[in-house]
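> Below you will find the structure I want to go over with you.
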Protein chains: 2
Amino acid sequence: MPAAHTSLSRDRVLDGALALADRVGIESLTIRRLAEQLGVKAMTIYYYVPSKEAIVDGMVERVFAQIALPPPELSWDQAIRVRCVSARRVLNQHPWAAPLLESRSAPGPDNLRHHEAVLACLRRGGLSWQLTAHAYAVLDSYIYGFAFEEATLPESGSDSFTESTTEIAAAFDPQKFPTLAAFAAEHVLSPDYSFGHSFEFGLDLLISGLVSAAHDAS
Amino acid sequence: MPAAHTSLSRDRVLDGALALADRVGIESLTIRRLAEQLGVKAMTIYYYVPSKEAIVDGMVERVFAQIALPPPELSWDQAIRVRCVSARRVLNQHPWAAPLLESRSAPGPDNLRHHEAVLACLRRGGLSWQLTAHAYAVLDSYIYGFAFEEATLPESGSDSFTESTTEIAAAFDPQKFPTLAAFAAEHVLSPDYSFGHSFEFGLDLLISGLVSAAHDAS
DNA sequence: TTGACACATCGTACTAAGTACGGCTACTGT
DNA sequence: ACAGTAGCCGTACTTAGTACGATGTGTCAA
């Protein structure tokens with residue numbers, strides 16, 4: 001029996017890693033820094049996890065666990081929409097996660113549960129295997145790509161966004177790149193521009209395309 | 001005048017870096033390894049580039065330069081389609097590139113040229129700034145996300161693909177994840193399945209959605 | 001009570017990577 | 001002939017992950 005007053009645990013390590021990555025970014029998530037935040041020395045962490053890779057695996061599982069499953073009471077397309085919007089929101093909260101989600105070699109249980117629910121939803125909607133595969137590949141690519149771009153770009157509307165846009169726009173010759181210059185001046189720098197507004201636009205393009213494809217096939 | 005028999009140069013460094021990253025992956029691209037491949041010692045590289053970051057910047061520029069610009073003689077939607085297909089092909093050839101393309105803080109000239117051409121194409125097609133922004137955000141997210149997933153997955157049809165799919169499928173309980181199990185068995189493992197086949201399917205969903213949106217607005 | 005053992009923590013040190021600093025050499029132009 | 005410089009590299013510092021083994025503290029059987 002382990003002592004009851006144990007302070008550290010695998011869960012606490014993962015909690016700390018999540019919090020640290022959210023705060024300082026995944027590239028600054030180091031064992032030594034994590035240890036410091038947890039109030040222990042570096043090597044202590046290796047008593048609970050076998051490697052840093054394993055920590056990242058655990059973090060990815062936590063992220064999957066946060067994504068809403070498609071609600072069974074909705075039509076398949078609405079249910080899928082809900083989970084896609086949720087996925088993007090979760091990836092926004094953990095900007096480091098987008099490049100990692102699909103790059104784990106061994107999917108964990110939350111990952112599997114998630115995939116199962118999405119595939120089941122599509123199949124319940126009557127999509128063929130072929131169309132199911134298309135739908136999944138296409139939607140996830142879009143979500144990851146979009147979330148990744150959001151994570152990379154400075155938050156639109158923020159000062160640093162205006163600043164970096166202006167800076168980039170100032171660095172090139174508007175004669176040589178007239179459309180780009182106009183795009184920046186007339187649209188991107190306008191106060192209600194937001195990169196994120198395009199997410200649901202594109203998502204609905206894809207989903208309504210999938211609905212049509214499902215109808216055509218039946 | 002520099003000596004004519006100089007062997008190394010910034011271009012050669014970038015050539016070597018591209019080749020090495022294509023061969024061993026970006027995470028194994030180290031200064032020491034690159035130097036070895038170039039037949040020099042590590043510090044020599046720093047005579048031609050200021051930092052590893054600068055090498056990556058240069059590599060990204062090379063990749064942008066390889067992506068076809070939208071051909072002006074085609075209709076805007078067909079022209080955009082050509083450049084999207086080209087972008088995906090280029091990103092397939094350089095699997096390390098997808099996560100890096102949009103993450104550079106200072107876009108280089110090839111990057112700018114590329115963005116200018118795409119924006120100009122969309123505007124020539126009569127799209128509003130709003131729709132242009134949507135189109136660009138949505139298409140690029142999709143392309144990067146898709147290319148990234150392709151880079152992550154083992155090549156479908158290959159032995160390692162069959163192997164890893166079978167391995168993953170064997171690692172979970174088919175009772176608990178019945179749809180996932182059926183998906184693997186009935187579709188993914190069939191000989192003519194390919195993840196990549198979904199690319200043009202989704203691309204055409206997006207583009208025809210954009211065409212409709214452009215019509216509705218005018 | 002007394003060992004003996006196991007759990008949890010950590011000190012030290014090795015390896016790999018980026019790169020700062022300054023030295024060496026050979027070719028340049030005067 | 002000689003000074004200057006272009007190109008190359010040896011050395012070493014820093015930051016990372018983590019292997020190995022020591023240490024301390026509590027538990028339990030005899």
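Labels for the structure tokens follow display order: chains A, B, ..., residues from 1 in each chain, ligands from 1.
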Give me, as JSON lines, each residue of chain D that comes within 10 Å of chain B, together with its shortest interatomic pair and the distance in Å at one decimal, counting only C-alpha atoms (C1' of nucleotides), with rows ordered by chain and rising residue number.

{"residue": "D:DA6", "atom": "C1'", "partner": "B:Pro2", "partner_atom": "CA", "distance": 7.4}
{"residue": "D:DG7", "atom": "C1'", "partner": "B:Tyr47", "partner_atom": "CA", "distance": 7.9}
{"residue": "D:DC8", "atom": "C1'", "partner": "B:Thr44", "partner_atom": "CA", "distance": 5.8}
{"residue": "D:DC9", "atom": "C1'", "partner": "B:Lys41", "partner_atom": "CA", "distance": 6.4}
{"residue": "D:DG10", "atom": "C1'", "partner": "B:Met43", "partner_atom": "CA", "distance": 9.5}
> For chain B, report every residue with an atom at most 8 Å from chain A (counting only C-alpha atoms), formatted as a ChimeraX atom specification.
/B:99,102-103,106-107,112-113,115-116,119-120,129-130,133-134,137-138,140-146,148-149,152-153,168,177-180,183,186-187,195,198-199,201-202,205-206,209-210
> Please produce an output containing C-alpha atoms for each residue in the selection, written as a PDB file, in the first residue's frame.

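Below you can see selection_28.pdb, which holds the result:
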ATOM      1  CA  PRO B  99       3.709  22.892 -39.579  1.00  0.00           C
ATOM      2  CA  GLU B 102       2.641  29.749 -41.610  1.00  0.00           C
ATOM      3  CA  SER B 103       4.675  29.947 -38.464  1.00  0.00           C
ATOM      4  CA  ALA B 106       8.766  37.506 -41.144  1.00  0.00           C
ATOM      5  CA  PRO B 107       7.426  36.316 -44.511  1.00  0.00           C
ATOM      6  CA  LEU B 112       4.657  37.416 -50.317  1.00  0.00           C
ATOM      7  CA  ARG B 113       4.608  36.742 -54.048  1.00  0.00           C
ATOM      8  CA  HIS B 115      -0.003  35.398 -51.202  1.00  0.00           C
ATOM      9  CA  GLU B 116      -0.262  38.286 -53.633  1.00  0.00           C
ATOM     10  CA  LEU B 119      -5.403  37.174 -53.334  1.00  0.00           C
ATOM     11  CA  ALA B 120      -5.277  38.776 -56.774  1.00  0.00           C
ATOM     12  CA  TRP B 129     -12.813  41.314 -49.303  1.00  0.00           C
ATOM     13  CA  GLN B 130     -14.878  39.442 -46.787  1.00  0.00           C
ATOM     14  CA  ALA B 133     -10.574  36.432 -46.483  1.00  0.00           C
ATOM     15  CA  HIS B 134     -12.879  33.508 -45.826  1.00  0.00           C
ATOM     16  CA  ALA B 137      -8.353  31.185 -44.442  1.00  0.00           C
ATOM     17  CA  VAL B 138     -10.500  28.176 -45.158  1.00  0.00           C
ATOM     18  CA  ASP B 140      -5.144  27.162 -46.413  1.00  0.00           C
ATOM     19  CA  SER B 141      -6.341  25.682 -43.156  1.00  0.00           C
ATOM     20  CA  TYR B 142      -7.622  22.711 -45.061  1.00  0.00           C
ATOM     21  CA  ILE B 143      -4.467  22.242 -47.089  1.00  0.00           C
ATOM     22  CA  TYR B 144      -2.109  22.557 -44.135  1.00  0.00           C
ATOM     23  CA  GLY B 145      -4.223  20.333 -41.991  1.00  0.00           C
ATOM     24  CA  PHE B 146      -4.531  17.708 -44.661  1.00  0.00           C
ATOM     25  CA  PHE B 148       0.033  17.595 -41.946  1.00  0.00           C
ATOM     26  CA  GLU B 149      -2.089  14.524 -41.408  1.00  0.00           C
ATOM     27  CA  THR B 152       1.978  12.056 -39.846  1.00  0.00           C
ATOM     28  CA  LEU B 153       0.231   8.946 -41.098  1.00  0.00           C
ATOM     29  CA  ILE B 168      -3.825  -0.278 -33.439  1.00  0.00           C
ATOM     30  CA  PHE B 177     -15.440   0.344 -30.260  1.00  0.00           C
ATOM     31  CA  PRO B 178     -17.506  -1.531 -32.842  1.00  0.00           C
ATOM     32  CA  THR B 179     -17.694   1.206 -35.458  1.00  0.00           C
ATOM     33  CA  LEU B 180     -13.980   1.832 -35.275  1.00  0.00           C
ATOM     34  CA  PHE B 183     -14.162   0.940 -40.192  1.00  0.00           C
ATOM     35  CA  GLU B 186     -14.146  -3.031 -43.928  1.00  0.00           C
ATOM     36  CA  HIS B 187     -12.688   0.121 -45.334  1.00  0.00           C
ATOM     37  CA  PHE B 195      -6.235   8.685 -47.072  1.00  0.00           C
ATOM     38  CA  SER B 198     -10.070  12.468 -49.659  1.00  0.00           C
ATOM     39  CA  PHE B 199      -8.035  15.542 -50.480  1.00  0.00           C
ATOM     40  CA  PHE B 201     -13.048  15.502 -52.447  1.00  0.00           C
ATOM     41  CA  GLY B 202     -12.848  18.031 -49.625  1.00  0.00           C
ATOM     42  CA  LEU B 205     -16.507  20.783 -51.468  1.00  0.00           C
ATOM     43  CA  LEU B 206     -14.845  23.975 -50.331  1.00  0.00           C
ATOM     44  CA  GLY B 209     -19.166  26.249 -51.755  1.00  0.00           C
ATOM     45  CA  LEU B 210     -17.095  29.344 -52.402  1.00  0.00           C
TER      46      LEU B 210
END
> If you take only C-alpha atoms (C1' of nucleotides) and a cut-off of 12 Å, which residues of chain C touch chain A, and what are their nearest atom pairs and distances in Å to one decimal, in chain and number order, as a tab-separated table?

residue	atom	partner	partner_atom	distance
C:DA6	C1'	A:Pro2	CA	9.5
C:DC7	C1'	A:Pro2	CA	7.2
C:DA8	C1'	A:Tyr47	CA	8.0
C:DT9	C1'	A:Thr44	CA	5.9
C:DC10	C1'	A:Lys41	CA	6.6
C:DG11	C1'	A:Met43	CA	9.5
C:DT12	C1'	A:Met43	CA	11.2
> Please provide the set of residues having any atom within 12 Å of C:DT2, restricted to only C-alpha atoms (C1' of nucleotides), with same-chain residues fewer than 4 positions apart removed, written as a list in words.
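Result of the neighbour search: DC28, DA29 and DA30 of chain D.
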> Which residues, written as JSON, numbers by chain, have at least one atom at most 12 Å from stretch 17-22 of chain C, with only C-alpha atoms (C1' of nucleotides) counted and residues fewer than 2 positions away on the same chain left out?
{"B": [27, 28, 29, 30, 31, 32, 33, 42, 43, 44, 45, 46, 47, 49, 50, 51, 52, 53], "C": [15, 24], "D": [9, 10, 11, 12, 13, 14, 15, 16, 17]}
> Can you write just those residues out, C-alpha atoms (C1' of nucleotides), as a tab-separated table (two decimals), in the first residue's frame?

chain	number	residue	atom	x	y	z
B	27	GLU	CA	13.64	16.88	-35.82
B	28	SER	CA	16.85	15.17	-36.88
B	29	LEU	CA	18.11	18.16	-38.77
B	30	THR	CA	20.94	19.33	-36.56
B	31	ILE	CA	23.75	21.72	-37.30
B	32	ARG	CA	26.34	19.03	-36.69
B	33	ARG	CA	24.67	16.57	-39.00
B	42	ALA	CA	29.65	22.64	-37.48
B	43	MET	CA	30.77	26.21	-36.92
B	44	THR	CA	31.49	26.76	-40.58
B	45	ILE	CA	27.78	26.91	-41.21
B	46	TYR	CA	27.51	30.01	-39.06
B	47	TYR	CA	29.67	31.86	-41.50
B	49	VAL	CA	23.71	31.88	-41.80
B	50	PRO	CA	23.19	33.65	-38.51
B	51	SER	CA	21.25	30.90	-36.77
B	52	LYS	CA	19.36	27.68	-37.22
B	53	GLU	CA	16.14	29.68	-37.26
C	15	DT	C1'	24.89	12.93	-24.01
C	24	DC	C1'	44.50	29.61	-37.86
D	9	DC	C1'	37.22	25.39	-37.41
D	10	DG	C1'	38.70	24.08	-32.16
D	11	DT	C1'	37.07	24.87	-27.78
D	12	DA	C1'	33.81	25.54	-24.57
D	13	DC	C1'	29.47	27.30	-22.46
D	14	DT	C1'	24.41	26.59	-21.98
D	15	DT	C1'	20.21	24.12	-21.94
D	16	DA	C1'	17.88	19.99	-22.63
D	17	DG	C1'	16.57	14.74	-21.50
> Would you kindly return, as an MDAnalysis selection string, each protein, DNA or RNA residue with an atom no farther than 9 Å from any atom of B:Leu20, considering only C-alpha atoms (C1' of nucleotides) and excluding same-chain residues fewer than 4 positions away?
chainID B and resid 15:16 24:26 28:29 33:34 37
> Write out as a PyMOL selection string the set of residues from stretch 1-216 of chain A that DSSP, computed on the backbone, places in helix (DSSP H, G or I).
chain A and resi 10-24+26-28+31-38+42-47+52-66+76-93+109-124+129-152+159-171+178-188+195-216
